[in-house]
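Shown next: input04.cif, containing mmCIF, C-alpha atoms.
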```cif
data_target
#
loop_
_atom_site.group_PDB
_atom_site.id
_atom_site.type_symbol
_atom_site.label_atom_id
_atom_site.label_comp_id
_atom_site.auth_asym_id
_atom_site.auth_seq_id
_atom_site.Cartn_x
_atom_site.Cartn_y
_atom_site.Cartn_z
ATOM 1 C CA MET A 901 3.751 48.026 -32.744
ATOM 2 C CA ASN A 902 4.795 48.032 -36.401
ATOM 3 C CA ARG A 903 8.170 47.138 -37.890
ATOM 4 C CA THR A 904 9.265 50.772 -38.036
ATOM 5 C CA GLY A 905 9.246 50.971 -34.255
ATOM 6 C CA LEU A 906 11.228 47.740 -34.023
ATOM 7 C CA TYR A 907 13.827 48.997 -36.493
ATOM 8 C CA ILE A 908 14.176 52.242 -34.537
ATOM 9 C CA ALA A 909 14.702 50.348 -31.260
ATOM 10 C CA LEU A 910 17.293 48.062 -32.861
ATOM 11 C CA ALA A 911 19.059 51.026 -34.470
ATOM 12 C CA ILE A 912 19.237 52.903 -31.153
ATOM 13 C CA SER A 913 20.639 49.808 -29.469
ATOM 14 C CA LEU A 914 23.264 49.360 -32.169
ATOM 15 C CA VAL A 915 24.347 53.007 -32.457
ATOM 16 C CA PHE A 916 24.524 53.792 -28.744
ATOM 17 C CA GLY A 917 25.858 50.345 -27.915
ATOM 18 C CA LEU A 918 28.797 50.854 -30.280
ATOM 19 C CA LEU A 919 29.330 54.492 -29.306
ATOM 20 C CA PHE A 920 29.398 53.870 -25.555
ATOM 21 C CA GLY A 921 31.209 50.584 -26.068
ATOM 22 C CA LEU A 922 34.072 52.264 -27.925
ATOM 23 C CA TYR A 923 34.039 55.343 -25.694
ATOM 24 C CA PRO A 924 32.811 54.145 -22.276
ATOM 25 C CA GLU A 925 34.013 57.362 -20.635
ATOM 26 C CA LEU A 926 30.935 59.040 -22.146
ATOM 27 C CA ASP A 927 28.853 57.338 -19.464
ATOM 28 C CA LEU A 928 31.037 58.947 -16.810
ATOM 29 C CA LYS A 929 30.817 62.365 -18.445
ATOM 30 C CA VAL A 930 27.015 62.246 -18.515
ATOM 31 C CA ALA A 931 26.847 61.025 -14.914
ATOM 32 C CA ALA A 932 29.180 63.862 -13.879
ATOM 33 C CA PHE A 933 26.466 66.404 -14.713
ATOM 34 C CA PHE A 934 24.524 65.137 -11.696
ATOM 35 C CA TYR A 935 27.533 64.909 -9.364
ATOM 36 C CA ASP A 936 28.641 67.640 -6.976
ATOM 37 C CA ALA A 937 32.413 67.460 -6.550
ATOM 38 C CA THR A 938 32.280 69.816 -3.549
ATOM 39 C CA THR A 939 30.039 67.605 -1.451
ATOM 40 C CA LYS A 940 31.219 64.435 -3.245
ATOM 41 C CA SER A 941 27.649 63.281 -3.713
ATOM 42 C CA PHE A 942 24.672 63.225 -6.048
ATOM 43 C CA PRO A 943 22.572 66.014 -4.455
ATOM 44 C CA LEU A 944 19.198 64.951 -5.851
ATOM 45 C CA LYS A 945 19.548 61.628 -4.080
ATOM 46 C CA SER A 946 18.516 63.342 -0.838
ATOM 47 C CA SER A 947 15.788 65.491 -2.426
ATOM 48 C CA THR A 948 12.322 64.811 -1.053
ATOM 49 C CA TRP A 949 10.460 65.900 -4.172
ATOM 50 C CA ALA A 950 12.688 63.751 -6.389
ATOM 51 C CA ALA A 951 12.064 60.719 -4.172
ATOM 52 C CA ILE A 952 8.309 61.355 -4.334
ATOM 53 C CA ALA A 953 8.490 61.631 -8.125
ATOM 54 C CA ARG A 954 10.438 58.362 -8.299
ATOM 55 C CA ASP A 955 7.909 56.504 -6.156
ATOM 56 C CA GLY A 956 5.025 58.105 -8.029
ATOM 57 C CA ALA A 957 6.379 56.911 -11.370
ATOM 58 C CA MET A 958 6.415 53.313 -10.124
ATOM 59 C CA TRP A 959 2.887 53.656 -8.742
ATOM 60 C CA ILE A 960 1.701 54.879 -12.142
ATOM 61 C CA ALA A 961 3.286 51.969 -14.006
ATOM 62 C CA TRP A 962 1.991 49.327 -11.613
ATOM 63 C CA GLY A 963 -1.387 51.039 -11.520
ATOM 64 C CA LEU A 964 -1.691 50.547 -15.282
ATOM 65 C CA VAL A 965 -1.144 46.796 -14.976
ATOM 66 C CA MET A 966 -3.446 46.416 -11.975
ATOM 67 C CA PRO A 967 -6.702 45.887 -13.964
ATOM 68 C CA ALA A 968 -5.088 42.919 -15.716
ATOM 69 C CA LEU A 969 -3.836 41.466 -12.437
ATOM 70 C CA VAL A 970 -7.196 41.912 -10.702
ATOM 71 C CA SER A 971 -8.974 40.355 -13.682
ATOM 72 C CA LEU A 972 -6.732 37.281 -13.511
ATOM 73 C CA ILE A 973 -7.149 36.869 -9.744
ATOM 74 C CA VAL A 974 -10.941 37.204 -9.912
ATOM 75 C CA LYS A 975 -11.077 34.685 -12.759
ATOM 76 C CA LEU A 976 -9.023 32.148 -10.812
ATOM 77 C CA ILE A 977 -11.262 32.567 -7.772
ATOM 78 C CA ARG A 978 -14.543 32.622 -9.711
ATOM 79 C CA PRO A 979 -13.912 30.792 -13.006
ATOM 80 C CA VAL A 980 -17.639 30.674 -13.738
ATOM 81 C CA LYS A 981 -17.516 34.427 -14.350
ATOM 82 C CA PRO A 982 -16.167 35.974 -17.582
ATOM 83 C CA LEU A 983 -12.922 37.883 -17.563
ATOM 84 C CA MET A 984 -13.306 41.507 -16.539
ATOM 85 C CA ILE A 985 -11.151 42.723 -19.451
ATOM 86 C CA SER A 986 -10.079 41.313 -22.801
ATOM 87 C CA GLY A 987 -8.204 38.049 -22.326
ATOM 88 C CA ARG A 988 -5.506 38.996 -24.794
ATOM 89 C CA ALA A 989 -5.009 42.413 -23.222
ATOM 90 C CA MET A 990 -4.713 40.780 -19.806
ATOM 91 C CA VAL A 991 -2.077 38.289 -20.971
ATOM 92 C CA PHE A 992 -0.223 40.932 -22.959
ATOM 93 C CA LEU A 993 0.031 43.378 -20.058
ATOM 94 C CA LEU A 994 0.942 40.797 -17.420
ATOM 95 C CA VAL A 995 3.501 38.906 -19.495
ATOM 96 C CA THR A 996 5.288 42.017 -20.703
ATOM 97 C CA MET A 997 5.416 43.525 -17.216
ATOM 98 C CA LEU A 998 6.748 40.256 -15.810
ATOM 99 C CA LEU A 999 9.463 39.987 -18.456
ATOM 100 C CA THR A 1000 10.618 43.605 -18.604
ATOM 101 C CA ALA A 1001 10.343 44.788 -15.006
ATOM 102 C CA ILE A 1002 11.139 41.571 -13.158
ATOM 103 C CA VAL A 1003 12.698 38.705 -15.105
ATOM 104 C CA LEU A 1004 15.073 40.347 -17.581
ATOM 105 C CA SER A 1005 16.082 43.428 -15.619
ATOM 106 C CA ASN A 1006 16.172 42.231 -12.014
ATOM 107 C CA ILE A 1007 16.586 38.456 -12.168
ATOM 108 C CA VAL A 1008 18.709 37.938 -15.275
ATOM 109 C CA PHE A 1009 20.849 41.054 -15.774
ATOM 110 C CA LYS A 1010 21.076 42.934 -12.476
ATOM 111 C CA SER A 1011 21.846 39.730 -10.576
ATOM 112 C CA TYR A 1012 24.650 38.527 -12.854
ATOM 113 C CA TRP A 1013 25.956 41.622 -14.668
ATOM 114 C CA GLY A 1014 28.365 43.071 -12.118
ATOM 115 C CA ARG A 1015 28.481 46.638 -13.381
ATOM 116 C CA PRO A 1016 28.724 49.029 -10.391
ATOM 117 C CA ARG A 1017 26.333 51.930 -10.101
ATOM 118 C CA PRO A 1018 27.684 55.480 -10.572
ATOM 119 C CA VAL A 1019 27.375 56.256 -6.871
ATOM 120 C CA VAL A 1020 29.906 53.527 -5.970
ATOM 121 C CA VAL A 1021 32.595 53.958 -8.662
ATOM 122 C CA THR A 1022 35.936 55.561 -7.862
ATOM 123 C CA GLU A 1023 35.334 58.492 -10.213
ATOM 124 C CA PHE A 1024 32.506 59.582 -7.881
ATOM 125 C CA ASN A 1025 34.213 58.884 -4.574
ATOM 126 C CA GLY A 1026 33.173 55.242 -4.417
ATOM 127 C CA PRO A 1027 35.191 52.048 -3.829
ATOM 128 C CA LEU A 1028 34.560 50.133 -7.076
ATOM 129 C CA GLU A 1029 36.098 50.297 -10.535
ATOM 130 C CA PHE A 1030 33.943 51.638 -13.358
ATOM 131 C CA LYS A 1031 32.926 49.182 -16.067
ATOM 132 C CA ALA A 1032 31.552 49.770 -19.567
ATOM 133 C CA TRP A 1033 27.995 48.643 -20.245
ATOM 134 C CA TRP A 1034 29.131 45.521 -22.107
ATOM 135 C CA ASP A 1035 31.478 44.271 -19.362
ATOM 136 C CA PRO A 1036 29.784 42.029 -16.740
ATOM 137 C CA ARG A 1037 32.999 41.530 -14.751
ATOM 138 C CA GLY A 1038 32.475 44.376 -12.292
ATOM 139 C CA ALA A 1039 32.808 43.975 -8.544
ATOM 140 C CA CYS A 1040 29.142 44.721 -7.778
ATOM 141 C CA PRO A 1041 27.878 41.685 -5.822
ATOM 142 C CA LYS A 1042 24.127 42.061 -6.418
ATOM 143 C CA ASN A 1043 21.407 44.520 -7.504
ATOM 144 C CA CYS A 1044 23.836 46.064 -9.969
ATOM 145 C CA SER A 1045 23.558 48.851 -12.514
ATOM 146 C CA PHE A 1046 22.899 47.201 -15.894
ATOM 147 C CA PHE A 1047 20.196 47.621 -16.880
ATOM 148 C CA SER A 1048 17.759 49.880 -15.037
ATOM 149 C CA GLY A 1049 14.840 47.979 -13.498
ATOM 150 C CA GLU A 1050 12.852 51.130 -12.788
ATOM 151 C CA GLY A 1051 13.608 52.366 -16.281
ATOM 152 C CA ALA A 1052 12.296 49.098 -17.722
ATOM 153 C CA THR A 1053 9.173 49.400 -15.568
ATOM 154 C CA ALA A 1054 8.561 52.943 -16.804
ATOM 155 C CA PHE A 1055 9.231 52.066 -20.461
ATOM 156 C CA TRP A 1056 6.843 49.108 -20.055
ATOM 157 C CA THR A 1057 4.090 51.697 -20.551
ATOM 158 C CA TYR A 1058 4.662 51.058 -24.268
ATOM 159 C CA ALA A 1059 2.438 48.006 -23.663
ATOM 160 C CA PRO A 1060 -0.752 49.830 -22.636
ATOM 161 C CA ALA A 1061 0.085 52.451 -25.268
ATOM 162 C CA ALA A 1062 -0.048 49.707 -27.917
ATOM 163 C CA LEU A 1063 -3.625 48.910 -26.901
ATOM 164 C CA THR A 1064 -4.985 52.450 -27.209
ATOM 165 C CA PRO A 1065 -7.271 53.382 -30.155
ATOM 166 C CA PRO A 1066 -5.305 53.937 -33.383
ATOM 167 C CA GLN A 1067 -5.959 57.680 -33.445
ATOM 168 C CA TRP A 1068 -4.433 58.057 -29.972
ATOM 169 C CA ARG A 1069 -1.615 55.536 -30.330
ATOM 170 C CA PRO A 1070 1.155 57.866 -31.610
ATOM 171 C CA LEU A 1071 0.493 60.257 -28.733
ATOM 172 C CA ALA A 1072 0.461 57.329 -26.311
ATOM 173 C CA TYR A 1073 3.857 56.161 -27.570
ATOM 174 C CA VAL A 1074 5.278 59.656 -27.150
ATOM 175 C CA ALA A 1075 3.882 59.805 -23.604
ATOM 176 C CA ALA A 1076 5.366 56.377 -22.771
ATOM 177 C CA THR A 1077 8.748 57.465 -24.122
ATOM 178 C CA ALA A 1078 8.664 60.700 -22.133
ATOM 179 C CA PHE A 1079 7.628 58.811 -19.004
ATOM 180 C CA GLY A 1080 10.505 56.351 -19.404
ATOM 181 C CA VAL A 1081 13.049 59.094 -20.075
ATOM 182 C CA PHE A 1082 11.842 61.100 -17.067
ATOM 183 C CA THR A 1083 11.978 58.102 -14.737
ATOM 184 C CA GLY A 1084 15.348 56.980 -16.058
ATOM 185 C CA GLY A 1085 16.653 60.511 -15.741
ATOM 186 C CA LEU A 1086 15.661 60.559 -12.077
ATOM 187 C CA ARG A 1087 17.618 57.362 -11.474
ATOM 188 C CA MET A 1088 20.638 58.912 -13.197
ATOM 189 C CA SER A 1089 20.362 62.063 -11.085
ATOM 190 C CA PHE A 1090 20.441 59.907 -7.936
ATOM 191 C CA GLY A 1091 23.636 58.211 -9.092
ATOM 192 C CA GLY A 1092 21.709 54.976 -9.458
ATOM 193 C CA HIS A 1093 22.303 54.352 -13.151
ATOM 194 C CA PHE A 1094 24.397 55.373 -16.126
ATOM 195 C CA LEU A 1095 22.858 56.657 -19.344
ATOM 196 C CA THR A 1096 23.393 53.310 -21.086
ATOM 197 C CA ASP A 1097 21.505 51.533 -18.293
ATOM 198 C CA VAL A 1098 18.480 53.692 -19.072
ATOM 199 C CA LEU A 1099 18.850 53.522 -22.856
ATOM 200 C CA PHE A 1100 18.983 49.751 -22.895
ATOM 201 C CA SER A 1101 16.120 49.460 -20.424
ATOM 202 C CA GLY A 1102 14.019 51.322 -22.986
ATOM 203 C CA THR A 1103 15.097 49.398 -26.075
ATOM 204 C CA VAL A 1104 14.919 46.000 -24.369
ATOM 205 C CA SER A 1105 11.443 46.795 -23.046
ATOM 206 C CA PHE A 1106 10.242 47.919 -26.468
ATOM 207 C CA ILE A 1107 11.627 44.824 -28.220
ATOM 208 C CA VAL A 1108 10.070 42.470 -25.659
ATOM 209 C CA ILE A 1109 6.720 44.260 -25.960
ATOM 210 C CA TRP A 1110 6.911 44.228 -29.777
ATOM 211 C CA LEU A 1111 7.539 40.474 -29.813
ATOM 212 C CA ALA A 1112 4.781 39.781 -27.280
ATOM 213 C CA TYR A 1113 2.328 41.891 -29.287
ATOM 214 C CA ALA A 1114 3.201 40.021 -32.478
ATOM 215 C CA PHE A 1115 2.930 36.645 -30.702
ATOM 216 C CA ILE A 1116 -0.459 37.383 -29.122
ATOM 217 C CA TYR A 1117 -2.135 39.571 -31.756
ATOM 218 C CA ARG A 1118 -0.437 39.430 -35.135
ATOM 219 C CA TRP A 1119 1.331 36.180 -36.090
ATOM 220 C CA PRO A 1120 -1.271 33.668 -37.384
ATOM 221 C CA SER A 1121 0.570 30.620 -36.020
ATOM 222 C CA THR A 1122 0.611 31.915 -32.427
ATOM 223 C CA ARG A 1123 -2.251 34.419 -32.351
ATOM 224 C CA LEU A 1124 -4.511 34.025 -29.320
ATOM 225 C CA THR A 1125 -8.231 34.694 -28.899
ATOM 226 C CA ASP A 1126 -10.082 36.270 -26.004
ATOM 227 C CA TYR A 1127 -12.448 33.307 -25.903
ATOM 228 C CA GLY A 1128 -9.610 30.765 -25.865
ATOM 229 C CA ILE A 1129 -7.879 32.480 -22.953
ATOM 230 C CA ASP A 1130 -11.129 32.739 -20.991
ATOM 231 C CA ALA A 1131 -11.970 29.071 -21.615
ATOM 232 C CA TRP A 1132 -8.487 27.861 -20.695
ATOM 233 C CA LEU A 1133 -8.503 29.790 -17.420
ATOM 234 C CA THR A 1134 -11.957 28.407 -16.652
ATOM 235 C CA ARG A 1135 -10.747 24.834 -17.076
ATOM 236 C CA PHE A 1136 -7.544 25.529 -15.142
ATOM 237 C CA ALA A 1137 -9.288 27.086 -12.134
ATOM 238 C CA TRP A 1138 -12.304 24.770 -12.069
ATOM 239 C CA PRO A 1139 -10.932 21.956 -9.839
ATOM 240 C CA GLY A 1140 -10.106 24.391 -7.047
ATOM 241 C CA TYR A 1141 -13.418 26.180 -7.477
ATOM 242 C CA ARG A 1142 -15.328 22.907 -7.357
ATOM 243 C CA TRP A 1143 -13.460 21.840 -4.194
ATOM 244 C CA ARG A 1144 -14.329 25.112 -2.475
ATOM 245 C CA GLN A 1145 -17.965 24.814 -3.508
ATOM 246 C CA LYS A 1146 -18.141 21.230 -2.196
ATOM 247 C CA ARG A 1147 -16.994 22.450 1.190
ATOM 248 C CA LEU A 1148 -19.982 24.788 1.125
ATOM 249 C CA GLY A 1149 -22.296 21.899 0.314
ATOM 250 C CA ARG A 1150 -22.615 22.572 -3.421
ATOM 251 C CA ASP A 1151 -21.260 20.468 -6.270
ATOM 252 C CA VAL A 1152 -20.860 22.478 -9.459
ATOM 253 C CA GLY A 1153 -19.959 19.421 -11.520
ATOM 254 C CA GLU A 1154 -16.894 18.170 -13.325
ATOM 255 C CA THR A 1155 -17.299 20.032 -16.591
ATOM 256 C CA PRO A 1156 -16.232 23.689 -16.600
ATOM 257 C CA ARG A 1157 -19.201 25.914 -17.187
ATOM 258 C CA ILE A 1158 -18.032 28.326 -19.814
ATOM 259 C CA ARG A 1159 -20.464 31.223 -19.836
ATOM 260 C CA PRO A 1160 -23.432 31.042 -22.231
ATOM 261 C CA GLY A 1161 -22.910 32.854 -25.501
ATOM 262 C CA ALA A 1162 -19.122 32.881 -25.144
ATOM 263 C CA GLU A 1163 -18.577 31.661 -28.655
ATOM 264 C CA ALA A 1164 -15.329 32.268 -30.463
ATOM 265 C CA SER A 1165 -15.937 35.582 -32.115
ATOM 266 C CA PRO A 1166 -14.641 36.143 -35.656
ATOM 267 C CA ASN A 1167 -13.419 39.455 -34.329
ATOM 268 C CA ASP A 1168 -10.916 37.593 -32.127
ATOM 269 C CA ALA A 1169 -8.909 36.755 -35.192
ATOM 270 C CA ALA A 1170 -9.666 39.867 -37.175
ATOM 271 C CA SER A 1171 -9.533 42.603 -34.566
ATOM 272 C CA VAL A 1172 -5.785 42.916 -34.347
ATOM 273 C CA PRO A 1173 -5.056 46.500 -33.258
ATOM 274 C CA GLN A 1174 -3.528 48.181 -36.268
ATOM 275 C CA PRO A 1175 -0.422 50.386 -35.982
#
```

How does the structure come out when it is put into structure tokens?
Amino acid sequence: MNRTGLYIALAISLVFGLLFGLYPELDLKVAAFFYDATTKSFPLKSSTWAAIARDGAMWIAWGLVMPALVSLIVKLIRPVKPLMISGRAMVFLLVTMLLTAIVLSNIVFKSYWGRPRPVVVTEFNGPLEFKAWWDPRGACPKNCSFFSGEGATAFWTYAPAALTPPQWRPLAYVAATAFGVFTGGLRMSFGGHFLTDVLFSGTVSFIVIWLAYAFIYRWPSTRLTDYGIDAWLTRFAWPGYRWRQKRLGRDVGETPRIRPGAEASPNDAASVPQP
């Protein structure tokens, strides 16, 4: 998660944004490769193996975030216990998944950016008028095309890639990119998204993950510690835990019992994963 990666993501956004903004018909030409004019359909949309691959890609992405989610749930239920994984890794994975796969793609953009999907535009035997990526005035009422939610979910794998050991990190980034391109390509082959929907799902995801990484790990003014996250969650969950224990006839006390030996480690501040 160094500045070079950020500059590349911004450059891709700028170059392809301008190119497809000035020549929006390029999106239609790319989508046409997946369209069968004879049957007036996107054939892979009805392919069983393609549907399995699509579902499998989402299972992989959500499977990677599951340890962080389980760790948070267990901590909230049993705050007396330490977190099962690094507190910063847990926050990093959960926050980035929430922002990329849910908030930005599905709640913010797809709900209010009325760009129709390829499968419903007139050029592919649909009822709605095609719109360029930058134009939110399409007739799509909801769950629209820009930008790809599944693409953002797949490209979110940049987040776990950023936490791999330094010697494996370049390979992990390549794998995350390939995974996002493959998943986005499947959505394009189904007529579910245009190329720009997939491109921007990747660049937006990378930028969000880069900023979250810097906020949690790198910037001194905002940098978090594993101990601080663990202690805060302990205090937050303690009232509910104490109430449940009282119902069982045990009073665990008012003061959160942060585990013995859980001192703020100097490594919390120093062990920022290096690019």

Selected residue, from A:Ser986, A:Thr1057, A:Ser1011, A:Thr1134, that lies nearest to Val965 in chain A when counting only C-alpha atoms: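 The answer is A:Thr1057, which sits nearest to Val965 in chain A.
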
Please compute the CA of Glu1023 in chain A-CA of Gly1091 in chain A distance, one decimal, in Å.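 Atom-to-atom, CA of Glu1023 in chain A to CA of Gly1091 in chain A, that is 11.8 Å.
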
Just how far from CA of Met997 in chain A is CA of Phe1009 in chain A, in Å to one decimal? 15.7 Å

Please report the interatomic distance between CA of Gly1102 in chain A and CA of Gly1085 in chain A in Å with one decimal.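 These atoms are spaced 12.0 Å apart.
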
Taking the file as shown, find all residues satisfying the PyMOL selection byres ((chain A and resi 1142) around 12) and write them as a CSV table (one decimal) with C-alpha atoms, keeping the file's coordinate frame.
```csv
chain,number,residue,atom,x,y,z
A,976,LEU,CA,-9.0,32.1,-10.8
A,977,ILE,CA,-11.3,32.6,-7.8
A,978,ARG,CA,-14.5,32.6,-9.7
A,979,PRO,CA,-13.9,30.8,-13.0
A,980,VAL,CA,-17.6,30.7,-13.7
A,1134,THR,CA,-12.0,28.4,-16.7
A,1135,ARG,CA,-10.7,24.8,-17.1
A,1136,PHE,CA,-7.5,25.5,-15.1
A,1137,ALA,CA,-9.3,27.1,-12.1
A,1138,TRP,CA,-12.3,24.8,-12.1
A,1139,PRO,CA,-10.9,22.0,-9.8
A,1140,GLY,CA,-10.1,24.4,-7.0
A,1141,TYR,CA,-13.4,26.2,-7.5
A,1143,TRP,CA,-13.5,21.8,-4.2
A,1144,ARG,CA,-14.3,25.1,-2.5
A,1145,GLN,CA,-18.0,24.8,-3.5
A,1146,LYS,CA,-18.1,21.2,-2.2
A,1147,ARG,CA,-17.0,22.4,1.2
A,1148,LEU,CA,-20.0,24.8,1.1
A,1149,GLY,CA,-22.3,21.9,0.3
A,1150,ARG,CA,-22.6,22.6,-3.4
A,1151,ASP,CA,-21.3,20.5,-6.3
A,1152,VAL,CA,-20.9,22.5,-9.5
A,1153,GLY,CA,-20.0,19.4,-11.5
A,1154,GLU,CA,-16.9,18.2,-13.3
A,1155,THR,CA,-17.3,20.0,-16.6
A,1156,PRO,CA,-16.2,23.7,-16.6
A,1157,ARG,CA,-19.2,25.9,-17.2
```

Expand the PyMOL selection byres ((chain A and resi 1036) around 6) into the individual residues it matches in the shown file, reporting them as a VMD selection string. chain A and resid 1013 to 1015 1035 1037 to 1038

In the coordinates of the file, take the point (28.4, 63.3, -19.0) and a cut-off of 12 Å; then, counting only C-alpha atoms, name each qualifying protein, DNA or RNA residue as a ChimeraX atom specification. /A:920,923-935,1018,1088-1089,1094-1096

Ranking A:Ser913, A:Ala951, A:Leu1063, A:Pro982 by minimum distance to Trp1132 in chain A and counting only C-alpha atoms, which one comes first?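 Nearest to Trp1132 in chain A: A:Pro982.
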
Produce the centre coordinates and the three edge lengths, each in Å to one decimal, of the box along x, y and z that contains all listed atoms of range 1033-1038 of chain A with 6 Å added on each side, as lines of an AutoDock Vina configuration file.
```
center_x = 30.5
center_y = 45.1
center_z = -17.2
size_x = 17.0
size_y = 19.1
size_z = 21.8
```

Residues selected by the PyMOL selection byres ((chain A and resi 1001) around 8), written as number ranges by chain: A: 997-1000, 1002-1006, 1049-1050, 1052-1053, 1056

Selected residue of minimal separation from Asn902 in chain A among A:Gly1080, A:Pro1027, A:Gly1051, A:Pro1070, counting all atoms listed in the file: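 Smallest separation from Asn902 in chain A among the options: A:Pro1070.
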
Best match for closeness to Leu993 in chain A among A:Val1081, A:Ala1062, A:Ile1129, A:Leu1124, counting all atoms listed in the file: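 Answer, going by the shortest atom-to-atom distance: A:Ala1062.
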
Need to verify the contact set: Thr1022 in chain A, 12 Å, only C-alpha atoms, exclusion of same-chain residues closer than 5 positions in sequence. Can you return it as a PyMOL selection string? chain A and resi 928+940+1016-1017+1027-1031

Closest of A:Trp1110, A:Ala1059, A:Trp1034, A:Pro1066 to Leu919 in chain A - atom-to-atom distances counting all atoms listed in the file: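 Distance minimum relative to Leu919 in chain A lands on A:Trp1034.
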